[in-house]
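The next block is protein30.cif, given as mmCIF, C-alpha atoms.
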```
data_coords
loop_
_atom_site.group_PDB
_atom_site.id
_atom_site.type_symbol
_atom_site.label_atom_id
_atom_site.label_comp_id
_atom_site.auth_asym_id
_atom_site.auth_seq_id
_atom_site.Cartn_x
_atom_site.Cartn_y
_atom_site.Cartn_z
ATOM 1 C CA MET F 121 -5.759 -3.471 19.370
ATOM 2 C CA SER F 122 -5.723 -2.327 22.976
ATOM 3 C CA SER F 123 -7.107 1.024 24.133
ATOM 4 C CA GLU F 124 -3.990 1.752 26.205
ATOM 5 C CA LYS F 125 -2.126 4.947 25.373
ATOM 6 C CA GLY F 126 1.437 3.681 25.140
ATOM 7 C CA ASN F 127 4.699 5.500 25.865
ATOM 8 C CA LEU F 128 4.823 8.917 24.188
ATOM 9 C CA LYS F 129 8.209 9.971 25.584
ATOM 10 C CA LEU F 130 10.557 7.961 23.358
ATOM 11 C CA SER F 131 13.267 9.505 21.207
ATOM 12 C CA THR F 132 12.882 9.752 17.430
ATOM 13 C CA LYS F 133 15.626 7.145 17.004
ATOM 14 C CA THR F 134 13.826 4.688 19.316
ATOM 15 C CA VAL F 135 10.472 5.192 17.579
ATOM 16 C CA ILE F 136 12.040 4.465 14.172
ATOM 17 C CA LYS F 137 13.881 1.438 15.591
ATOM 18 C CA GLU F 138 10.683 0.032 17.128
ATOM 19 C CA ASN F 139 8.803 0.667 13.882
ATOM 20 C CA SER F 140 11.492 -1.214 11.899
ATOM 21 C CA LYS F 141 11.162 -4.207 14.239
ATOM 22 C CA GLN F 142 7.479 -4.511 13.302
ATOM 23 C CA SER F 143 8.111 -4.835 9.564
ATOM 24 C CA PRO F 144 6.458 -8.148 8.550
ATOM 25 C CA ASP F 145 8.819 -11.048 7.920
ATOM 26 C CA PHE F 146 7.452 -13.846 5.719
ATOM 27 C CA LYS F 147 8.161 -15.705 2.479
ATOM 28 C CA THR F 148 4.628 -15.737 1.058
ATOM 29 C CA LEU F 149 1.246 -14.269 2.024
ATOM 30 C CA GLN F 150 -2.217 -15.050 0.757
ATOM 31 C CA ALA F 151 -5.565 -13.477 1.633
ATOM 32 C CA LYS F 152 -9.062 -12.712 0.463
ATOM 33 C CA LEU F 153 -8.957 -9.017 -0.453
ATOM 34 C CA LYS F 154 -12.068 -6.880 -0.767
ATOM 35 C CA ILE F 155 -11.430 -3.751 -2.843
ATOM 36 C CA ASN F 156 -13.881 -0.843 -2.837
ATOM 37 C CA PHE F 157 -13.000 1.807 -5.440
ATOM 38 C CA ILE F 158 -14.765 5.197 -5.411
ATOM 39 C CA LYS F 159 -14.199 7.868 -8.069
ATOM 40 C CA ASN F 160 -16.408 10.672 -9.402
ATOM 41 C CA GLY F 161 -19.226 9.504 -7.128
ATOM 42 C CA LYS F 162 -19.188 5.983 -8.599
ATOM 43 C CA SER F 163 -18.450 3.036 -6.332
ATOM 44 C CA GLN F 164 -17.266 -0.411 -7.389
ATOM 45 C CA THR F 165 -16.500 -3.361 -5.104
ATOM 46 C CA ASN F 166 -14.581 -6.503 -6.034
ATOM 47 C CA SER F 167 -13.281 -9.446 -4.035
ATOM 48 C CA VAL F 168 -10.027 -10.985 -5.241
ATOM 49 C CA ASN F 169 -7.527 -13.618 -4.249
ATOM 50 C CA PHE F 170 -4.382 -11.801 -3.135
ATOM 51 C CA ARG F 171 -0.954 -13.428 -3.051
ATOM 52 C CA ALA F 172 2.487 -12.005 -2.398
ATOM 53 C CA LYS F 173 6.029 -13.295 -2.430
ATOM 54 C CA LYS F 174 8.003 -10.885 -0.263
ATOM 55 C CA ASP F 175 10.125 -8.446 -2.297
ATOM 56 C CA GLU F 176 9.341 -10.307 -5.553
ATOM 57 C CA ILE F 177 5.673 -10.568 -6.576
ATOM 58 C CA ILE F 178 2.258 -9.059 -5.782
ATOM 59 C CA TRP F 179 -0.543 -11.018 -7.525
ATOM 60 C CA MET F 180 -4.328 -10.603 -7.645
ATOM 61 C CA ASN F 181 -6.996 -12.727 -9.270
ATOM 62 C CA ALA F 182 -10.721 -11.930 -9.511
ATOM 63 C CA PRO F 183 -13.300 -14.767 -9.512
ATOM 64 C CA PHE F 184 -13.272 -16.901 -12.702
ATOM 65 C CA SER F 185 -9.947 -15.195 -13.572
ATOM 66 C CA VAL F 186 -11.829 -12.374 -15.350
ATOM 67 C CA ILE F 187 -9.232 -9.896 -14.079
ATOM 68 C CA ARG F 188 -5.704 -10.855 -13.093
ATOM 69 C CA ALA F 189 -2.817 -8.593 -12.095
ATOM 70 C CA MET F 190 0.836 -9.130 -11.290
ATOM 71 C CA VAL F 191 3.341 -6.590 -10.010
ATOM 72 C CA THR F 192 7.080 -7.294 -9.832
ATOM 73 C CA PRO F 193 10.037 -4.960 -9.227
ATOM 74 C CA GLU F 194 10.425 -4.751 -13.021
ATOM 75 C CA LYS F 195 6.864 -4.173 -14.233
ATOM 76 C CA VAL F 196 3.121 -3.885 -13.704
ATOM 77 C CA GLY F 197 0.793 -6.125 -15.704
ATOM 78 C CA PHE F 198 -2.905 -6.953 -15.754
ATOM 79 C CA TYR F 199 -5.567 -8.222 -18.134
ATOM 80 C CA ASN F 200 -9.341 -7.960 -18.201
ATOM 81 C CA LYS F 201 -11.418 -10.693 -19.863
ATOM 82 C CA LEU F 202 -14.548 -8.525 -19.623
ATOM 83 C CA ASP F 203 -13.300 -6.186 -22.369
ATOM 84 C CA ASN F 204 -10.330 -8.190 -23.735
ATOM 85 C CA THR F 205 -7.734 -5.566 -22.780
ATOM 86 C CA TYR F 206 -4.367 -5.760 -21.064
ATOM 87 C CA PHE F 207 -1.651 -3.505 -19.715
ATOM 88 C CA GLU F 208 2.016 -4.258 -19.388
ATOM 89 C CA GLY F 209 4.479 -1.546 -18.491
ATOM 90 C CA ASP F 210 6.237 0.349 -15.739
ATOM 91 C CA PHE F 211 4.859 1.898 -12.555
ATOM 92 C CA SER F 212 3.524 5.014 -14.308
ATOM 93 C CA TYR F 213 0.004 3.506 -14.315
ATOM 94 C CA LEU F 214 -0.096 3.086 -10.517
ATOM 95 C CA SER F 215 1.787 6.362 -9.993
ATOM 96 C CA GLU F 216 -0.805 8.202 -12.059
ATOM 97 C CA LEU F 217 -3.669 6.526 -10.186
ATOM 98 C CA LEU F 218 -2.339 7.583 -6.774
ATOM 99 C CA GLY F 219 -0.681 10.834 -7.834
ATOM 100 C CA THR F 220 2.810 10.083 -6.542
ATOM 101 C CA ALA F 221 5.847 8.268 -7.939
ATOM 102 C CA LEU F 222 5.723 4.592 -6.957
ATOM 103 C CA ASP F 223 7.945 1.541 -7.309
ATOM 104 C CA PHE F 224 7.564 -2.065 -6.156
ATOM 105 C CA LYS F 225 8.975 -1.446 -2.675
ATOM 106 C CA LYS F 226 6.618 1.489 -2.050
ATOM 107 C CA VAL F 227 3.572 -0.495 -3.214
ATOM 108 C CA GLN F 228 4.576 -3.453 -1.022
ATOM 109 C CA ASN F 229 5.155 -1.182 1.981
ATOM 110 C CA LEU F 230 1.783 0.498 1.454
ATOM 111 C CA LEU F 231 0.041 -2.901 1.570
ATOM 112 C CA LEU F 232 2.012 -4.161 4.601
ATOM 113 C CA GLY F 233 1.677 -1.072 6.780
ATOM 114 C CA ASP F 234 5.307 -0.013 6.404
ATOM 115 C CA ALA F 235 6.369 3.567 5.688
ATOM 116 C CA ILE F 236 6.656 4.037 1.921
ATOM 117 C CA PHE F 237 9.858 6.031 2.484
ATOM 118 C CA ASP F 238 12.702 4.432 4.440
ATOM 119 C CA LEU F 239 12.645 6.112 7.858
ATOM 120 C CA ASN F 240 16.168 4.863 8.592
ATOM 121 C CA SER F 241 17.650 6.688 5.622
ATOM 122 C CA GLY F 242 16.021 10.052 6.225
ATOM 123 C CA ASN F 243 16.607 12.784 8.729
ATOM 124 C CA TYR F 244 13.330 12.660 10.672
ATOM 125 C CA LYS F 245 12.031 14.315 13.805
ATOM 126 C CA ALA F 246 9.217 13.047 16.039
ATOM 127 C CA SER F 247 6.563 14.989 17.916
ATOM 128 C CA VAL F 248 3.358 13.874 19.614
ATOM 129 C CA ASP F 249 -0.007 14.390 17.948
ATOM 130 C CA GLN F 250 -3.283 12.992 19.330
ATOM 131 C CA ASN F 251 -1.755 10.049 21.239
ATOM 132 C CA ALA F 252 0.536 9.071 18.362
ATOM 133 C CA TYR F 253 4.036 9.858 17.183
ATOM 134 C CA LEU F 254 4.136 12.247 14.236
ATOM 135 C CA LEU F 255 7.262 11.735 12.149
ATOM 136 C CA GLN F 256 8.300 14.203 9.478
ATOM 137 C CA PRO F 257 11.565 15.178 7.773
ATOM 138 C CA LYS F 258 13.549 17.756 9.755
ATOM 139 C CA GLN F 259 13.497 19.763 6.561
ATOM 140 C CA GLN F 260 10.474 19.251 4.331
ATOM 141 C CA GLN F 261 11.306 19.188 0.634
ATOM 142 C CA LEU F 262 10.298 22.085 -1.570
ATOM 143 C CA LEU F 263 7.763 20.116 -3.631
ATOM 144 C CA PHE F 264 6.745 17.448 -1.110
ATOM 145 C CA GLU F 265 5.449 17.415 2.451
ATOM 146 C CA ILE F 266 5.669 14.024 4.152
ATOM 147 C CA PHE F 267 4.088 12.906 7.432
ATOM 148 C CA PHE F 268 3.850 9.553 9.228
ATOM 149 C CA LEU F 269 1.704 8.774 12.275
ATOM 150 C CA ILE F 270 2.997 5.861 14.362
ATOM 151 C CA ASP F 271 1.035 4.066 17.068
ATOM 152 C CA PRO F 272 2.881 4.137 20.432
ATOM 153 C CA LEU F 273 1.642 0.636 21.323
ATOM 154 C CA HIS F 274 2.444 -1.577 18.345
ATOM 155 C CA PHE F 275 4.648 0.996 16.506
ATOM 156 C CA LYS F 276 2.996 0.373 13.158
ATOM 157 C CA VAL F 277 2.139 3.266 10.858
ATOM 158 C CA THR F 278 -1.465 4.394 11.358
ATOM 159 C CA SER F 279 -1.367 7.061 8.638
ATOM 160 C CA GLN F 280 1.066 8.265 6.002
ATOM 161 C CA GLN F 281 0.582 11.392 3.959
ATOM 162 C CA ILE F 282 2.375 12.888 0.980
ATOM 163 C CA SER F 283 1.334 16.349 -0.165
ATOM 164 C CA GLN F 284 2.418 18.273 -3.240
ATOM 165 C CA PRO F 285 0.815 21.659 -2.541
ATOM 166 C CA LYS F 286 1.939 23.333 -5.777
ATOM 167 C CA THR F 287 0.244 20.708 -7.939
ATOM 168 C CA PHE F 288 -2.749 20.261 -5.583
ATOM 169 C CA ARG F 289 -1.951 16.578 -5.048
ATOM 170 C CA HIS F 290 -2.394 14.726 -1.787
ATOM 171 C CA LEU F 291 -2.022 11.030 -0.991
ATOM 172 C CA GLN F 292 -3.186 9.746 2.384
ATOM 173 C CA ILE F 293 -3.039 6.115 3.496
ATOM 174 C CA ASP F 294 -4.906 5.375 6.733
ATOM 175 C CA TYR F 295 -4.568 2.025 8.484
ATOM 176 C CA ILE F 296 -7.978 1.699 10.093
ATOM 177 C CA SER F 297 -7.189 -1.618 11.789
ATOM 178 C CA TYR F 298 -4.448 -4.236 12.069
ATOM 179 C CA GLN F 299 -4.594 -7.993 12.709
ATOM 180 C CA GLU F 300 -2.107 -10.452 14.161
ATOM 181 C CA VAL F 301 -1.214 -13.468 12.011
ATOM 182 C CA ASP F 302 1.500 -15.896 13.183
ATOM 183 C CA LYS F 303 2.938 -13.204 15.491
ATOM 184 C CA GLN F 304 3.097 -10.723 12.608
ATOM 185 C CA ILE F 305 1.127 -7.463 12.729
ATOM 186 C CA LEU F 306 -0.515 -6.964 9.328
ATOM 187 C CA PRO F 307 -3.098 -4.499 8.017
ATOM 188 C CA GLU F 308 -6.736 -5.537 8.125
ATOM 189 C CA ASN F 309 -8.421 -2.378 6.796
ATOM 190 C CA ILE F 310 -6.644 0.280 4.730
ATOM 191 C CA LYS F 311 -8.156 3.469 3.315
ATOM 192 C CA VAL F 312 -6.272 5.166 0.476
ATOM 193 C CA ILE F 313 -7.303 8.714 -0.463
ATOM 194 C CA ALA F 314 -5.737 10.295 -3.549
ATOM 195 C CA VAL F 315 -6.657 13.894 -4.355
ATOM 196 C CA GLU F 316 -5.632 15.714 -7.502
ATOM 197 C CA GLY F 317 -7.125 19.170 -7.950
ATOM 198 C CA THR F 318 -10.864 18.686 -7.445
ATOM 199 C CA GLU F 319 -10.793 14.939 -8.209
ATOM 200 C CA GLU F 320 -10.763 12.443 -5.360
ATOM 201 C CA THR F 321 -10.148 8.705 -5.586
ATOM 202 C CA ILE F 322 -10.825 6.513 -2.538
ATOM 203 C CA ILE F 323 -9.733 2.884 -2.313
ATOM 204 C CA ASN F 324 -10.800 0.790 0.679
ATOM 205 C CA LEU F 325 -8.919 -2.478 1.176
ATOM 206 C CA GLU F 326 -9.991 -5.251 3.552
ATOM 207 C CA PHE F 327 -7.748 -8.280 4.106
ATOM 208 C CA LYS F 328 -9.453 -11.463 5.359
ATOM 209 C CA SER F 329 -8.327 -15.079 5.878
ATOM 210 C CA VAL F 330 -4.653 -14.121 5.832
ATOM 211 C CA ALA F 331 -2.196 -17.049 5.757
ATOM 212 C CA LEU F 332 1.603 -16.937 5.705
ATOM 213 C CA ASN F 333 4.333 -19.110 4.190
ATOM 214 C CA ASP F 334 2.212 -21.556 2.183
ATOM 215 C CA ASP F 335 3.563 -22.804 -1.141
ATOM 216 C CA LEU F 336 1.902 -20.549 -3.699
ATOM 217 C CA ARG F 337 1.754 -20.293 -7.472
ATOM 218 C CA PHE F 338 1.617 -16.977 -9.359
ATOM 219 C CA PRO F 339 0.322 -17.854 -12.855
ATOM 220 C CA PHE F 340 0.156 -14.921 -15.253
ATOM 221 C CA LYS F 341 -0.105 -15.079 -19.033
ATOM 222 C CA ILE F 342 -1.819 -12.435 -21.138
ATOM 223 C CA PRO F 343 -4.333 -14.165 -23.461
ATOM 224 C CA SER F 344 -3.662 -13.810 -27.194
ATOM 225 C CA GLY F 345 -5.730 -11.315 -29.142
ATOM 226 C CA PHE F 346 -6.193 -8.888 -26.258
ATOM 227 C CA LYS F 347 -5.826 -5.142 -26.960
ATOM 228 C CA LYS F 348 -3.102 -3.269 -25.096
ATOM 229 C CA ILE F 349 -4.186 -0.277 -22.989
ATOM 230 C CA GLU F 350 -2.068 2.716 -23.965
ATOM 231 C CA LEU F 351 -1.609 5.372 -21.316
ATOM 232 C CA GLU F 352 -1.966 8.986 -22.380
#
```

So that I can check it, write out the structure of this file as structure tokens.
Amino acid sequence: MSSEKGNLKLSTKTVIKENSKQSPDFKTLQAKLKINFIKNGKSQTNSVNFRAKKDEIIWMNAPFSVIRAMVTPEKVGFYNKLDNTYFEGDFSYLSELLGTALDFKKVQNLLLGDAIFDLNSGNYKASVDQNAYLLQPKQQQLLFEIFFLIDPLHFKVTSQQISQPKTFRHLQIDYISYQEVDKQILPENIKVIAVEGTEETIINLEFKSVALNDDLRFPFKIPSGFKKIELE
């Protein structure tokens, strides 16, 4: 994106309106997604096929279909042929991983560079912080502190942060870079940092070869004989 500074004198209402205009509009999306997962000093990198049907399905498939995952508004499911296990349940698995309550819309927004909370429904105020708009609720909640950084040029979110100080939890999603695909501004590199107490989980996501509105299939069937993962 350009190195220009953009207009930093807009009203909160205008910033939110401009941000809403940039929400991606497509039927389907597919990409090569590189996932780098770091926890307890151990790093693991996988490349998967990523597909999405807007507001309906998020689907991932590792090479040779050894790991496949599908997320819908109703449930989260995945299976792993490496250890013959599967999970099928609600969003508690992803919520636990990232330390904050998630649903389909929030997961989709996280991946598309949209605010995970609806800025139009909240009472937000904007200030300027390091050449960006800083949006936060006029009154922060007792248990949560929420912040959004919005770029004054393309009006996409460059960082969103949710803190729960009393439980020592912090979720930060940084959008390192964006890319333009068919006149849509979509994330290219995302860094997710989830902190709980002294434990830190970092997930780096890199989207390549993004294509929109192709006819896609979303096959998902848990193989028979696999053992269900039970969450504690």

Exercise for review: Could you check how far atom CA of F:Tyr295 sits from atom CA of F:Ser279, in Å to one decimal?
Suggested key: 6.0 Å

Point to revise | Point-to-point distance in Å for atom CA of F:Glu208 and atom CA of F:Phe157 | key: 21.4 Å

Check your understanding: Between atom CA of F:Phe170 and atom CA of F:Tyr206, what is the spacing in Å?
Key ->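 Computed distance, atom CA of F:Tyr206 to atom CA of F:Phe170, equals 18.9 Å.
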
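Closest approach to F:Lys341 among F:Phe288, F:Phe327, F:Arg188, F:Leu202: F:Arg188, based on only C-alpha atoms.
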
For the provided coordinates, the residues matched by the PyMOL selection byres ((chain F and resi 305-312) around 9) should be stated as a compact mmCIF listing (two decimals) with C-alpha atoms, keeping the file's coordinate frame.
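result_16.txt, written as the output of this step:
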```txt
# COMPACT_ATOMS: atom_id res chain seq x y z
CA GLN F 142 7.48 -4.51 13.30
CA SER F 143 8.11 -4.84 9.56
CA PRO F 144 6.46 -8.15 8.55
CA LEU F 218 -2.34 7.58 -6.77
CA LEU F 231 0.04 -2.90 1.57
CA LEU F 232 2.01 -4.16 4.60
CA GLY F 233 1.68 -1.07 6.78
CA HIS F 274 2.44 -1.58 18.34
CA LYS F 276 3.00 0.37 13.16
CA LEU F 291 -2.02 11.03 -0.99
CA GLN F 292 -3.19 9.75 2.38
CA ILE F 293 -3.04 6.12 3.50
CA ASP F 294 -4.91 5.38 6.73
CA TYR F 295 -4.57 2.02 8.48
CA ILE F 296 -7.98 1.70 10.09
CA SER F 297 -7.19 -1.62 11.79
CA TYR F 298 -4.45 -4.24 12.07
CA GLN F 299 -4.59 -7.99 12.71
CA GLU F 300 -2.11 -10.45 14.16
CA VAL F 301 -1.21 -13.47 12.01
CA ASP F 302 1.50 -15.90 13.18
CA LYS F 303 2.94 -13.20 15.49
CA GLN F 304 3.10 -10.72 12.61
CA ILE F 313 -7.30 8.71 -0.46
CA ALA F 314 -5.74 10.30 -3.55
CA THR F 321 -10.15 8.70 -5.59
CA ILE F 322 -10.82 6.51 -2.54
CA ILE F 323 -9.73 2.88 -2.31
CA ASN F 324 -10.80 0.79 0.68
CA LEU F 325 -8.92 -2.48 1.18
CA GLU F 326 -9.99 -5.25 3.55
CA PHE F 327 -7.75 -8.28 4.11
CA LYS F 328 -9.45 -11.46 5.36
CA VAL F 330 -4.65 -14.12 5.83
```

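Taking all atoms listed in the file into account, F:Asn139 lies nearest to F:Val277 out of the set F:Val277, F:Val315, F:Leu255, F:Ile177.
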
Exercise for review: Can you give me, as number ranges by chain, the residues this file yields under the PyMOL selection byres ((chain F and resi 147) around 6)?
Suggested key: F: 146, 148, 173-174, 333

If you count all atoms listed in the file, which residues fall within 12 Å of F:Phe184, apart from same-chain ones fewer than 2 positions away, as a compact mmCIF listing (two decimals) with C-alpha atoms, in the frame of the given file?
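As written to disk, result_8.txt reads:
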```txt
# COMPACT_ATOMS: atom_id res chain seq x y z
CA SER F 167 -13.28 -9.45 -4.04
CA VAL F 168 -10.03 -10.98 -5.24
CA ASN F 169 -7.53 -13.62 -4.25
CA ASN F 181 -7.00 -12.73 -9.27
CA ALA F 182 -10.72 -11.93 -9.51
CA VAL F 186 -11.83 -12.37 -15.35
CA ILE F 187 -9.23 -9.90 -14.08
CA ARG F 188 -5.70 -10.86 -13.09
CA ASN F 200 -9.34 -7.96 -18.20
CA LYS F 201 -11.42 -10.69 -19.86
CA LEU F 202 -14.55 -8.52 -19.62
```

Point to revise | Nearest candidate to F:Ala221 (options F:Leu239, F:Ala331, F:Leu128, F:Ile282; using all atoms listed in the file) | key: F:Ile282

Practice item. Convert the output of the PyMOL selection byres ((chain F and resi 258) around 8) on the shown file into explicit residues, formatted as a VMD selection string. Key: chain F and resid 243 to 245 256 to 257 259 to 260

Review point. Taking all atoms listed in the file into account, which of F:Thr220, F:Asn251, F:Ser131, F:Ser344 comes nearest F:His290?
Key: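 When distances to F:His290 are compared using all atoms listed in the file, the smallest one comes from F:Thr220.
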
Review point. Which one is closest to F:Lys129: F:Ala252, F:Leu263, F:Arg289, F:Arg337? Count all atoms listed in the file.
Key: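 Checking each candidate against F:Lys129, we get F:Ala252 as the closest.
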
Review point. Which one of F:Leu149, F:Leu217, F:Met190, F:Ile155 sits closest to F:Ile342 if you count all atoms listed in the file?
Key: F:Met190

Enclose all atoms of stretch 303-314 of chain F listed in the file in an axis-aligned box, grow every side by 5 Å, and hand back centre and edge lengths in Å to one decimal, as JSON.
```
{"center_x": -2.7, "center_y": -1.5, "center_z": 6.0, "size_x": 21.5, "size_y": 33.5, "size_z": 29.0}
```

I want to know what sits within 10 Å of F:Val196, based on all atoms listed in the file, with residues of the same chain fewer than 5 positions away left out; could you give that as a PDB file with C-alpha atoms, in the frame of the given file?
```
ATOM      1  CA  ILE F 178       2.258  -9.059  -5.782  1.00  0.00           C
ATOM      2  CA  ALA F 189      -2.817  -8.593 -12.095  1.00  0.00           C
ATOM      3  CA  MET F 190       0.836  -9.130 -11.290  1.00  0.00           C
ATOM      4  CA  VAL F 191       3.341  -6.590 -10.010  1.00  0.00           C
ATOM      5  CA  PHE F 207      -1.651  -3.505 -19.715  1.00  0.00           C
ATOM      6  CA  GLU F 208       2.016  -4.258 -19.388  1.00  0.00           C
ATOM      7  CA  GLY F 209       4.479  -1.546 -18.491  1.00  0.00           C
ATOM      8  CA  ASP F 210       6.237   0.349 -15.739  1.00  0.00           C
ATOM      9  CA  PHE F 211       4.859   1.898 -12.555  1.00  0.00           C
ATOM     10  CA  SER F 212       3.524   5.014 -14.308  1.00  0.00           C
ATOM     11  CA  TYR F 213       0.004   3.506 -14.315  1.00  0.00           C
ATOM     12  CA  LEU F 214      -0.096   3.086 -10.517  1.00  0.00           C
ATOM     13  CA  ASP F 223       7.945   1.541  -7.309  1.00  0.00           C
ATOM     14  CA  PHE F 224       7.564  -2.065  -6.156  1.00  0.00           C
TER      15      PHE F 224
END
```
